[in-house]
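> Dropping in target.tsv, which is TSV, C-alpha atoms and all ligand atoms:
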```tsv
chain	number	residue	atom	x	y	z
A	1	MET	CA	25.74	16.04	2.77
A	2	GLU	CA	22.71	18.25	2.31
A	3	LYS	CA	20.32	19.08	5.10
A	4	PRO	CA	20.54	16.54	7.96
A	5	GLU	CA	17.49	14.30	8.10
A	6	ILE	CA	14.99	13.64	10.86
A	7	LEU	CA	15.56	10.58	13.05
A	8	TYR	CA	12.81	9.18	15.25
A	9	MET	CA	13.63	6.65	17.91
A	10	VAL	CA	10.84	4.23	18.80
A	11	VAL	CA	11.21	2.68	22.24
A	12	PRO	CA	8.61	0.16	23.46
A	13	CYS	CA	8.18	0.20	27.23
A	14	TYR	CA	6.41	-2.30	29.42
A	15	ASN	CA	6.87	-1.75	33.16
A	16	GLU	CA	10.19	-0.01	32.65
A	17	GLU	CA	10.11	2.57	35.49
A	18	GLU	CA	13.50	1.41	36.74
A	19	VAL	CA	15.34	2.12	33.49
A	20	LEU	CA	13.31	4.79	31.74
A	21	ASN	CA	15.05	7.89	33.07
A	22	GLU	CA	18.50	6.48	32.45
A	23	THR	CA	17.55	5.48	28.90
A	24	ALA	CA	16.07	8.93	28.31
A	25	SER	CA	19.19	10.77	29.48
A	26	GLN	CA	21.54	8.52	27.49
A	27	LEU	CA	19.45	9.04	24.37
A	28	LYS	CA	19.37	12.79	24.92
A	29	ALA	CA	23.17	12.88	25.13
A	30	LYS	CA	23.49	10.75	22.01
A	31	TYR	CA	21.08	12.95	20.05
A	32	THR	CA	22.84	16.12	21.16
A	33	SER	CA	26.13	14.86	19.78
A	34	LEU	CA	24.50	13.64	16.55
A	35	ILE	CA	22.83	17.02	16.04
A	36	GLU	CA	26.13	18.81	16.71
A	37	ARG	CA	27.84	16.61	14.15
A	38	LYS	CA	25.05	17.59	11.72
A	39	LEU	CA	24.20	13.91	11.21
A	40	ILE	CA	20.57	14.36	12.20
A	41	SER	CA	18.15	17.26	12.15
A	42	PRO	CA	17.32	19.15	15.39
A	43	GLU	CA	13.71	18.14	14.72
A	44	SER	CA	14.58	14.55	15.60
A	45	ARG	CA	12.68	12.97	18.48
A	46	VAL	CA	12.48	10.04	20.84
A	47	VAL	CA	9.06	8.35	21.08
A	48	PHE	CA	8.35	6.10	24.03
A	49	VAL	CA	5.51	3.66	23.43
A	50	ASN	CA	3.86	2.68	26.67
A	51	ASP	CA	2.57	-0.84	26.18
A	52	GLY	CA	-0.07	-0.93	28.90
A	53	SER	CA	2.39	-0.77	31.80
A	54	LYS	CA	1.09	-1.38	35.28
A	55	ASP	CA	3.72	0.76	36.97
A	56	LYS	CA	4.66	4.46	36.71
A	57	THR	CA	6.05	4.19	33.16
A	58	TRP	CA	3.39	6.33	31.49
A	59	SER	CA	3.44	9.12	34.04
A	60	MET	CA	7.24	9.17	33.74
A	61	ILE	CA	6.95	9.49	29.95
A	62	GLN	CA	4.50	12.38	30.44
A	63	GLU	CA	6.97	14.10	32.75
A	64	LEU	CA	9.83	13.62	30.30
A	65	HIS	CA	7.67	15.20	27.62
A	66	LYS	CA	6.75	18.12	29.87
A	67	ALA	CA	10.38	18.79	30.73
A	68	ASP	CA	11.58	18.57	27.11
A	69	PRO	CA	8.56	18.77	24.80
A	70	ASN	CA	10.66	19.24	21.67
A	71	PHE	CA	12.56	16.07	22.26
A	72	PHE	CA	10.56	13.40	24.11
A	73	SER	CA	7.20	12.22	22.84
A	74	GLY	CA	5.00	9.38	23.97
A	75	ILE	CA	2.36	7.03	22.71
A	76	ASN	CA	0.08	5.35	25.18
A	77	LEU	CA	-1.44	2.09	24.05
A	78	ALA	CA	-4.87	1.19	25.34
A	79	HIS	CA	-3.69	-2.13	26.77
A	80	ASN	CA	-0.69	-4.43	26.76
A	81	SER	CA	-0.36	-5.54	23.14
A	82	GLY	CA	3.06	-7.15	23.23
A	83	HIS	CA	6.47	-5.96	22.13
A	84	GLN	CA	6.00	-6.43	18.36
A	85	ASN	CA	2.68	-4.59	18.29
A	86	ALA	CA	4.06	-1.77	20.42
A	87	VAL	CA	6.99	-1.33	18.01
A	88	LEU	CA	4.65	-1.30	15.01
A	89	ALA	CA	2.32	1.19	16.71
A	90	GLY	CA	5.28	3.53	17.19
A	91	LEU	CA	6.59	3.10	13.66
A	92	MET	CA	3.20	3.64	12.02
A	93	THR	CA	2.63	6.76	14.09
A	94	VAL	CA	5.91	8.38	13.04
A	95	LYS	CA	6.17	7.15	9.46
A	96	GLU	CA	4.99	10.41	7.88
A	97	ILE	CA	6.98	12.76	10.08
A	98	CYS	CA	10.42	11.17	10.07
A	99	ASP	CA	13.01	10.40	7.40
A	100	MET	CA	14.34	7.40	9.29
A	101	ALA	CA	13.35	5.55	12.44
A	102	ILE	CA	15.30	3.31	14.78
A	103	THR	CA	13.59	0.80	17.07
A	104	MET	CA	15.33	-0.04	20.31
A	105	ASP	CA	14.45	-1.74	23.59
A	106	ALA	CA	14.06	0.42	26.67
A	107	ASP	CA	16.44	-1.60	28.83
A	108	LEU	CA	19.74	-0.39	27.28
A	109	GLN	CA	20.68	-3.90	26.14
A	110	ASP	CA	21.14	-2.53	22.65
A	111	ASP	CA	24.24	-0.37	22.46
A	112	ILE	CA	23.28	3.28	22.01
A	113	ASN	CA	26.70	4.02	20.48
A	114	THR	CA	25.73	1.91	17.46
A	115	ILE	CA	23.26	4.61	16.42
A	116	ASP	CA	26.05	6.70	14.84
A	117	ALA	CA	27.05	3.84	12.55
A	118	MET	CA	23.43	3.13	11.68
A	119	VAL	CA	22.78	6.72	10.64
A	120	GLU	CA	26.02	6.83	8.62
A	121	LYS	CA	25.00	3.64	6.80
A	122	TYR	CA	21.65	5.24	6.07
A	123	TYR	CA	23.34	8.19	4.35
A	124	GLU	CA	25.36	5.70	2.32
A	125	GLY	CA	22.08	4.64	0.74
A	126	ASN	CA	20.89	1.79	2.94
A	127	GLN	CA	17.16	1.74	3.55
A	128	VAL	CA	17.41	-0.84	6.34
A	129	VAL	CA	20.29	-1.18	8.79
A	130	TYR	CA	20.17	-4.28	11.00
A	131	GLY	CA	21.78	-4.18	14.42
A	132	VAL	CA	23.44	-7.57	14.81
A	133	ARG	CA	24.94	-8.69	18.09
A	134	SER	CA	28.53	-9.77	17.72
A	135	ALA	CA	28.77	-11.69	20.97
A	136	ARG	CA	26.49	-13.26	23.50
A	137	ASP	CA	28.88	-13.13	26.43
A	138	THR	CA	26.37	-11.43	28.67
A	139	ASP	CA	23.69	-14.04	28.06
A	140	THR	CA	23.24	-17.06	30.23
A	141	PHE	CA	24.12	-20.36	28.57
A	142	PHE	CA	20.44	-21.22	28.38
A	143	LYS	CA	19.42	-17.97	26.64
A	144	LYS	CA	22.34	-18.26	24.21
A	145	PHE	CA	21.54	-21.88	23.40
A	146	THR	CA	17.82	-21.32	22.87
A	147	ALA	CA	18.27	-18.07	20.94
A	148	GLU	CA	20.92	-19.38	18.54
A	149	GLY	CA	18.97	-22.60	18.07
A	150	PHE	CA	15.97	-20.48	17.22
A	151	TYR	CA	17.73	-18.61	14.39
A	152	LYS	CA	19.06	-21.85	12.92
A	153	PHE	CA	15.70	-23.59	13.16
A	154	MET	CA	13.99	-20.63	11.48
A	155	LYS	CA	16.36	-20.96	8.56
A	156	VAL	CA	15.67	-24.69	8.21
A	157	MET	CA	11.96	-23.93	8.29
A	158	GLY	CA	12.38	-21.57	5.37
A	159	ALA	CA	11.99	-18.16	7.04
A	160	ASP	CA	14.52	-15.55	6.00
A	161	VAL	CA	15.77	-13.93	9.20
A	162	VAL	CA	19.05	-12.12	9.83
A	163	TYR	CA	21.16	-14.26	12.16
A	164	ASN	CA	21.45	-12.81	15.66
A	165	HIS	CA	19.45	-9.75	14.79
A	166	ALA	CA	16.54	-8.89	17.06
A	167	ASP	CA	14.58	-5.67	16.79
A	168	PHE	CA	17.32	-3.07	16.94
A	169	ARG	CA	17.20	-1.65	13.44
A	170	LEU	CA	17.01	1.49	11.37
A	171	MET	CA	14.40	1.81	8.65
A	172	SER	CA	13.88	4.61	6.18
A	173	ARG	CA	10.54	6.33	5.74
A	174	ARG	CA	10.21	4.50	2.43
A	175	VAL	CA	10.51	1.11	4.12
A	176	LEU	CA	8.00	2.12	6.79
A	177	GLN	CA	5.48	3.03	4.13
A	178	GLU	CA	5.88	-0.42	2.60
A	179	LEU	CA	5.67	-2.06	6.02
A	180	ALA	CA	2.28	-0.40	6.40
A	181	ASN	CA	1.02	-2.58	3.54
A	182	PHE	CA	1.65	-5.78	5.49
A	183	LYS	CA	-1.75	-6.42	6.95
A	184	GLU	CA	-1.00	-9.54	8.98
A	185	VAL	CA	-2.13	-9.71	12.56
A	186	ASN	CA	0.53	-12.09	13.92
A	187	LEU	CA	3.52	-9.80	13.74
A	188	PHE	CA	7.05	-11.08	13.41
A	189	LEU	CA	8.93	-7.97	12.37
A	190	ARG	CA	12.37	-9.54	12.04
A	191	GLY	CA	10.94	-11.83	9.37
A	192	MET	CA	8.85	-9.15	7.66
A	193	VAL	CA	11.50	-6.49	7.16
A	194	PRO	CA	13.83	-8.71	5.06
A	195	LEU	CA	10.78	-9.53	2.89
A	196	ILE	CA	10.42	-5.87	1.99
A	197	GLY	CA	13.82	-5.83	0.32
A	198	PHE	CA	15.74	-2.64	-0.67
A	199	GLN	CA	19.41	-2.04	-0.02
A	200	SER	CA	20.30	-3.10	3.50
A	201	CYS	CA	23.34	-3.81	5.64
A	202	SER	CA	24.27	-4.81	9.17
A	203	VAL	CA	26.20	-3.11	11.94
A	204	TYR	CA	27.62	-5.15	14.80
A	205	TYR	CA	27.38	-4.40	18.50
A	206	GLU	CA	27.86	-6.10	21.80
A	207	ARG	CA	24.67	-6.62	23.69
A	208	HIS	CA	24.82	-5.47	27.30
A	209	GLU	CA	23.04	-6.79	30.29
A	210	ARG	CA	19.71	-5.29	31.18
A	211	PHE	CA	20.39	-1.95	32.95
A	212	ALA	CA	17.78	-2.66	35.64
A	213	GLY	CA	14.55	-4.53	36.14
A	214	GLU	CA	13.63	-7.96	34.88
A	215	SER	CA	13.16	-9.43	31.45
A	216	LYS	CA	9.59	-9.12	30.23
A	217	TYR	CA	10.17	-12.19	28.09
A	218	PRO	CA	10.02	-15.26	30.28
A	219	LEU	CA	10.59	-18.68	28.67
A	220	LYS	CA	6.86	-19.17	28.05
A	221	LYS	CA	6.61	-15.95	26.03
A	222	MET	CA	9.87	-16.75	24.21
A	223	LEU	CA	8.55	-20.13	23.09
A	224	ALA	CA	5.25	-18.61	21.99
A	225	PHE	CA	7.22	-16.02	20.01
A	226	ALA	CA	9.29	-18.72	18.28
A	227	VAL	CA	6.21	-20.77	17.40
A	228	ASN	CA	4.55	-17.64	16.05
A	229	GLY	CA	7.62	-16.82	13.99
A	230	ILE	CA	7.68	-20.25	12.38
A	231	THR	CA	3.97	-20.59	11.74
A	232	SER	CA	3.73	-17.02	10.42
A	233	PHE	CA	6.51	-17.49	7.92
A	234	SER	CA	6.40	-21.05	6.82
A	235	THR	CA	3.92	-23.72	5.78
A	236	LYS	CA	6.67	-26.33	6.02
A	237	PRO	CA	5.13	-28.03	9.07
A	238	LEU	CA	1.99	-28.66	6.95
A	239	LYS	CA	4.05	-30.04	4.09
A	240	LEU	CA	5.83	-32.32	6.53
A	241	ILE	CA	2.50	-34.05	7.24
A	242	THR	CA	2.07	-34.81	3.52
A	243	THR	CA	5.57	-36.28	3.32
A	244	LEU	CA	4.93	-38.35	6.41
A	245	GLY	CA	1.69	-39.60	4.87
A	246	PHE	CA	3.54	-40.74	1.76
A	247	ILE	CA	6.19	-42.53	3.82
A	248	MET	CA	3.56	-44.28	5.93
A	249	SER	CA	1.62	-45.35	2.82
A	250	ALA	CA	4.80	-46.77	1.27
A	251	LEU	CA	5.54	-48.60	4.51
A	252	SER	CA	2.05	-50.03	4.52
A	253	ILE	CA	2.75	-51.67	1.16
A	254	CYS	CA	5.87	-53.30	2.64
A	255	MET	CA	3.70	-54.41	5.54
A	256	PHE	CA	1.21	-55.95	3.09
A	257	ILE	CA	3.96	-57.96	1.48
A	258	TRP	CA	5.39	-59.06	4.81
A	259	ALA	CA	1.94	-60.05	6.13
A	260	PHE	CA	1.30	-62.00	2.95
A	261	ILE	CA	4.59	-63.88	3.28
A	262	ALA	CA	3.89	-64.59	6.95
A	263	LYS	CA	0.42	-65.83	6.09
A	264	ILE	CA	1.45	-68.31	3.39
A	265	GLY	CA	4.54	-69.27	5.33
A	266	GLY	CA	2.16	-70.20	8.12
A	267	PHE	CA	4.14	-68.44	10.86
A	268	SER	CA	1.56	-65.84	11.82
A	269	GLU	CA	-1.26	-65.95	14.33
A	270	HIS	CA	-4.79	-65.99	13.02
A	271	GLY	CA	-6.01	-62.44	12.42
A	272	TRP	CA	-2.57	-60.86	12.75
A	273	SER	CA	-2.06	-60.14	9.03
A	274	SER	CA	-5.34	-58.34	8.50
A	275	THR	CA	-4.92	-56.26	11.68
A	276	MET	CA	-1.35	-55.24	10.82
A	277	CYS	CA	-2.26	-54.32	7.25
A	278	SER	CA	-5.19	-52.18	8.23
A	279	ILE	CA	-3.30	-50.33	10.99
A	280	TRP	CA	-0.51	-49.29	8.64
A	281	PHE	CA	-2.72	-48.63	5.67
A	282	ILE	CA	-5.28	-46.54	7.55
A	283	GLY	CA	-2.55	-44.68	9.42
A	284	GLY	CA	-0.85	-43.73	6.17
A	285	LEU	CA	-4.12	-42.81	4.51
A	286	GLN	CA	-5.14	-40.57	7.37
A	287	LEU	CA	-1.85	-38.70	7.39
A	288	LEU	CA	-2.00	-38.29	3.64
A	289	CYS	CA	-5.53	-36.86	3.83
A	290	LEU	CA	-4.51	-34.53	6.65
A	291	GLY	CA	-1.59	-33.41	4.54
A	292	ILE	CA	-3.81	-32.63	1.58
A	293	ILE	CA	-6.15	-30.63	3.79
A	294	GLY	CA	-3.06	-28.96	5.22
A	295	GLU	CA	-1.95	-27.87	1.75
A	296	TYR	CA	-5.26	-26.10	1.29
A	297	VAL	CA	-5.18	-24.59	4.78
A	298	GLY	CA	-1.71	-23.29	3.90
A	299	LYS	CA	-3.04	-21.62	0.78
A	300	ILE	CA	-5.97	-20.07	2.64
A	301	TYR	CA	-3.54	-18.89	5.29
A	302	ALA	CA	-1.34	-17.16	2.73
A	303	GLU	CA	-4.40	-15.57	1.13
A	304	VAL	CA	-5.98	-14.18	4.26
A	305	LYS	CA	-2.72	-12.51	5.22
A	306	GLN	CA	-3.05	-10.30	2.15
A	307	ARG	CA	0.62	-9.46	2.10
A	308	PRO	CA	1.66	-7.20	-0.74
A	309	ARG	CA	2.60	-9.39	-3.71
A	310	TYR	CA	5.32	-7.07	-4.90
A	311	ILE	CA	6.97	-3.86	-3.88
A	312	VAL	CA	7.96	-1.34	-6.50
A	313	ALA	CA	11.40	0.04	-5.65
A	314	GLU	CA	11.55	2.67	-8.32
A	315	PHE	CA	9.44	3.96	-11.20
A	316	ILE	CA	11.39	5.16	-14.20
A	317	ASN	CA	9.17	6.76	-16.71
A	318	GLU	CA	9.81	9.37	-19.33
A	319	PRO	CA	7.04	11.93	-19.37
A	320	PRO	CA	5.22	11.88	-22.73
A	321	LYS	CA	6.64	14.35	-25.23
A	322	GLU	CA	4.41	17.22	-26.28
B	1	LIG	N1	8.01	-4.96	25.99
B	1	LIG	C1	6.78	-4.43	25.56
B	1	LIG	N2	5.65	-5.18	25.75
B	1	LIG	C2	5.66	-6.43	26.32
B	1	LIG	C3	6.93	-6.97	26.70
B	1	LIG	C4	8.07	-6.21	26.52
B	1	LIG	O1	6.73	-3.32	25.05
B	1	LIG	O2	4.59	-7.03	26.46
B	1	LIG	C5	9.24	-4.17	25.78
B	1	LIG	C6	10.13	-4.01	26.99
B	1	LIG	O3	9.75	-2.90	27.76
B	1	LIG	C7	11.51	-3.82	26.36
B	1	LIG	C8	11.42	-4.66	25.10
B	1	LIG	O4	10.03	-4.86	24.84
B	1	LIG	O5	11.75	-2.48	26.00
B	1	LIG	C9	12.13	-5.98	25.21
B	1	LIG	O6	11.71	-6.68	26.38
B	1	LIG	P1	12.75	-7.38	27.37
B	1	LIG	O7	13.97	-6.54	27.50
B	1	LIG	O8	12.03	-7.68	28.63
B	1	LIG	O9	13.08	-8.72	26.59
B	1	LIG	P2	14.50	-9.51	26.54
B	1	LIG	O10	15.54	-8.50	26.18
B	1	LIG	O11	14.69	-10.08	27.89
B	1	LIG	O12	14.30	-10.55	25.48
B	2	MG	MG	15.88	-6.80	27.10
```
Would you encode the structure as structure tokens?

Amino acid sequence: MEKPEILYMVVPCYNEEEVLNETASQLKAKYTSLIERKLISPESRVVFVNDGSKDKTWSMIQELHKADPNFFSGINLAHNSGHQNAVLAGLMTVKEICDMAITMDADLQDDINTIDAMVEKYYEGNQVVYGVRSARDTDTFFKKFTAEGFYKFMKVMGADVVYNHADFRLMSRRVLQELANFKEVNLFLRGMVPLIGFQSCSVYYERHERFAGESKYPLKKMLAFAVNGITSFSTKPLKLITTLGFIMSALSICMFIWAFIAKIGGFSEHGWSSTMCSIWFIGGLQLLCLGIIGEYVGKIYAEVKQRPRYIVAEFINEPPKE
């Protein structure tokens, strides 16, 4: 291997005073060994992104920086912007100064010892290395059930996500530069990164329990995150309305026939046939119209996101001969 490359660690922190120092010292030890093994450059850094914490998190980050300015850096966001935005803020800040960046939660749930394998995979030519949890033994039944259901549902809805991969991943500088071209406001990084493409692979790790403190993702936030993931990556729910409209319209024709038979057979109340027909027909028509509008809304939605339409992986071009 030539010169070891620069690794930046991006760690979003929201009210993490209970875990921050432990995370910092574990990362320092990990980096020291990686630098000794000449896997990463001594210019590598850890960047804590303070996501508008209400506790001592930011002053602790400042102290860490003061004690070890060549190792710990910090970004202070103006207000709480949410995990995904905090991660992106960190990545976009370091994208020109690092060769690779790893994003990791502050609570030590992601296994720090996986970093070695991630960096090795990077040198093997992978531009993205996904950290995938191999087991969910430490999760409660409820978390496991909802989380695994979420990944399966995402797949059905047509969004390409890596099963059981959250936001513990390595990305090369090249991938970060492409990520910068995704202008969407509703971030769902684990859906966006696979869209970028390039050579990628997964490494497996066991997810630990939170070192200390409480989850900053209560059920309400988790549900909002799942809904955001689906609506940001798929217009299938809109298409479903169109399908439903067609089914209802077809059913209304059956209803017409049935009402007609009942009418001439003389076994219907007066007024029943016309009421039944109009309910089904109008219901179907309304859904169909909604569906058509939905199709257009879906198109507008895709347009306003202004995602890059293609990503050039390589440019092979012979210089013109003199
Ligand atoms: N986090 C953040 N902003 C928020 C919520 C969470 O930066 O608004 C950070 C948090 O400090 C942690 C990571 O995102 O480093 C994941 O949060 P948490 O561990 O609470 O989620 P869980 O693992 O329970 O899903
Ligand atoms: Mg956590």
> Could you state the separation of atom CA of Gly191 of chain A and atom CA of Phe211 of chain A in Å, given to one decimal place?
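Taking atom CA of Gly191 of chain A as the start and atom CA of Phe211 of chain A as the end point, the length is 27.3 Å.
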> Check every protein, DNA and RNA residue against ligand LIG 1 (chain B), keep those with an atom at most 6 Å away (counting only C-alpha atoms and all ligand atoms), and present them as an MDAnalysis selection string.
chainID A and resid 12:14 16 51 80 82:83 86 105:107 215:217
> Which one is closest to ligand MG 2 (chain B): A:Met157, A:Val11, A:Ile102, A:Leu251? Count all atoms listed in the file.
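Counting all atoms listed in the file, the residue closest to ligand MG 2 (chain B) is A:Val11.
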> If I take atom CA of Ile230 of chain A and atom CA of Tyr163 of chain A, how far is one from the other in Å, to one decimal?
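Pair atom CA of Ile230 of chain A / atom CA of Tyr163 of chain A returns 14.8 Å.
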> Within 12 Å of Met92 of chain A, counting only C-alpha atoms, which residues show up once you throw out same-chain ones fewer than 6 positions away? Write them as a VMD selection string, please.
chain A and resid 8 10 47 49 75 85 to 86 98 101 103 171 173 to 182
> Just want the 10 Å neighbourhood of segment 128-142 of chain A, counted on all atoms listed in the file, with same-chain residues fewer than 6 positions away dropped. Output as a JSON list (two decimals) with C-alpha atoms, keeping the file's coordinate frame.

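Written output follows (out23.json):
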```json
[["chain", "number", "residue", "atom", "x", "y", "z"],
["A", 100, "MET", "CA", 14.34, 7.40, 9.29],
["A", 101, "ALA", "CA", 13.35, 5.55, 12.44],
["A", 102, "ILE", "CA", 15.30, 3.31, 14.78],
["A", 103, "THR", "CA", 13.59, 0.80, 17.07],
["A", 104, "MET", "CA", 15.33, -0.04, 20.31],
["A", 109, "GLN", "CA", 20.68, -3.90, 26.14],
["A", 110, "ASP", "CA", 21.14, -2.53, 22.65],
["A", 111, "ASP", "CA", 24.24, -0.37, 22.46],
["A", 114, "THR", "CA", 25.73, 1.91, 17.46],
["A", 115, "ILE", "CA", 23.26, 4.61, 16.42],
["A", 117, "ALA", "CA", 27.05, 3.84, 12.55],
["A", 118, "MET", "CA", 23.43, 3.13, 11.68],
["A", 119, "VAL", "CA", 22.78, 6.72, 10.64],
["A", 120, "GLU", "CA", 26.02, 6.83, 8.62],
["A", 121, "LYS", "CA", 25.00, 3.64, 6.80],
["A", 122, "TYR", "CA", 21.65, 5.24, 6.07],
["A", 148, "GLU", "CA", 20.92, -19.38, 18.54],
["A", 162, "VAL", "CA", 19.05, -12.12, 9.83],
["A", 163, "TYR", "CA", 21.16, -14.26, 12.16],
["A", 164, "ASN", "CA", 21.45, -12.81, 15.66],
["A", 165, "HIS", "CA", 19.45, -9.75, 14.79],
["A", 166, "ALA", "CA", 16.54, -8.89, 17.06],
["A", 167, "ASP", "CA", 14.58, -5.67, 16.79],
["A", 168, "PHE", "CA", 17.32, -3.07, 16.94],
["A", 169, "ARG", "CA", 17.20, -1.65, 13.44],
["A", 170, "LEU", "CA", 17.01, 1.49, 11.37],
["A", 171, "MET", "CA", 14.40, 1.81, 8.65],
["A", 172, "SER", "CA", 13.88, 4.61, 6.18],
["A", 173, "ARG", "CA", 10.54, 6.33, 5.74],
["A", 174, "ARG", "CA", 10.21, 4.50, 2.43],
["A", 175, "VAL", "CA", 10.51, 1.11, 4.12],
["A", 176, "LEU", "CA", 8.00, 2.12, 6.79],
["A", 190, "ARG", "CA", 12.37, -9.54, 12.04],
["A", 193, "VAL", "CA", 11.50, -6.49, 7.16],
["A", 194, "PRO", "CA", 13.83, -8.71, 5.06],
["A", 196, "ILE", "CA", 10.42, -5.87, 1.99],
["A", 197, "GLY", "CA", 13.82, -5.83, 0.32],
["A", 198, "PHE", "CA", 15.74, -2.64, -0.67],
["A", 199, "GLN", "CA", 19.41, -2.04, -0.02],
["A", 200, "SER", "CA", 20.30, -3.10, 3.50],
["A", 201, "CYS", "CA", 23.34, -3.81, 5.64],
["A", 202, "SER", "CA", 24.27, -4.81, 9.17],
["A", 203, "VAL", "CA", 26.20, -3.11, 11.94],
["A", 204, "TYR", "CA", 27.62, -5.15, 14.80],
["A", 205, "TYR", "CA", 27.38, -4.40, 18.50],
["A", 206, "GLU", "CA", 27.86, -6.10, 21.80],
["A", 207, "ARG", "CA", 24.67, -6.62, 23.69],
["A", 208, "HIS", "CA", 24.82, -5.47, 27.30],
["A", 209, "GLU", "CA", 23.04, -6.79, 30.29],
["A", 210, "ARG", "CA", 19.71, -5.29, 31.18]]
```
> For the atom pair atom CA of Asn228 of chain A and atom CA of Ala302 of chain A, what is the interatomic distance in Å to one decimal place?
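Pair atom CA of Asn228 of chain A / atom CA of Ala302 of chain A returns 14.6 Å.
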> Excluding Gly158 of chain A and residues on its chain fewer than 5 positions from it, collect all residues at most 8 Å away from it, counting all atoms listed in the file, and give them as number ranges by chain.
A: 233-234, 236
> Pull C-alpha atoms from the residues just selected and write them as a PDB file, in the frame of the given file.

```
ATOM      1  CA  PHE A 233       6.510 -17.490   7.920  1.00  0.00           C
ATOM      2  CA  SER A 234       6.400 -21.050   6.820  1.00  0.00           C
ATOM      3  CA  LYS A 236       6.670 -26.330   6.020  1.00  0.00           C
TER       4      LYS A 236
END
```
> With 8 Å on each side, where is the centre of the axis-aligned box around all listed atoms of segment 89-105 of chain A, and how long are its edges in Å to one decimal, as JSON?

```
{"center_x": 8.8, "center_y": 5.5, "center_z": 15.5, "size_x": 29.0, "size_y": 30.5, "size_z": 32.2}
```
> Just give me the residues with any atom within 7 Å of (2.1, 0.9, 29.2), file coordinates, counting only C-alpha atoms, written as a VMD selection string.
chain A and resid 13 to 15 50 to 54 57 to 58 76 to 77 79 to 80
> Name the closest residue to ligand MG 2 (chain B) among the candidates A:Glu214, A:Asp116, A:Glu318, A:Asp68; distances are taken between atoms, counting all atoms listed in the file.
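So, comparing all the options, the nearest one is A:Glu214.
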> A:Leu187, A:Ala212, A:Arg37, A:Val227: which is nearest ligand MG 2 (chain B), counting all atoms listed in the file?
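That would be A:Ala212, the residue with the smallest distance to ligand MG 2 (chain B).
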> Given all atoms listed in the file as the basis, pick out the residue of A:Val19, A:Glu303, A:Gly294, A:Glu269 nearest to ligand MG 2 (chain B).
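Of A:Val19, A:Glu303, A:Gly294, A:Glu269, the one nearest ligand MG 2 (chain B) is A:Val19, counting all atoms listed in the file.
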> I'd like to know which of A:Lys143, A:His270, A:Lys321, A:Lys66 is closest to ligand MG 2 (chain B), using all atoms listed in the file.
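Residue with the minimum atom-to-atom distance to ligand MG 2 (chain B): A:Lys143.
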> Have a look at A:Leu240, A:Ala159, A:Gly271, A:Gly213 and name the one nearest to ligand MG 2 (chain B); count only C-alpha atoms and all ligand atoms.
A:Gly213
> Show me, as a ChimeraX atom specification, the residues that have an atom within 7 Å of Leu238 of chain A when counting all atoms listed in the file, minus same-chain residues fewer than 3 positions from it.
/A:235,241,291,294-295
> Residues near Asn186 of chain A, anyone? I mean within 7 Å using all atoms listed in the file, not counting same-chain ones fewer than 2 positions away, as a ChimeraX atom specification.
/A:184,188,232
> Export, as a PDB file, in the frame of the given file, the selected residues with C-alpha atoms.

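Below is the file that was written, part-v3.pdb:
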```pdb
ATOM      1  CA  GLU A 184      -1.000  -9.540   8.980  1.00  0.00           C
ATOM      2  CA  PHE A 188       7.050 -11.080  13.410  1.00  0.00           C
ATOM      3  CA  SER A 232       3.730 -17.020  10.420  1.00  0.00           C
TER       4      SER A 232
END
```
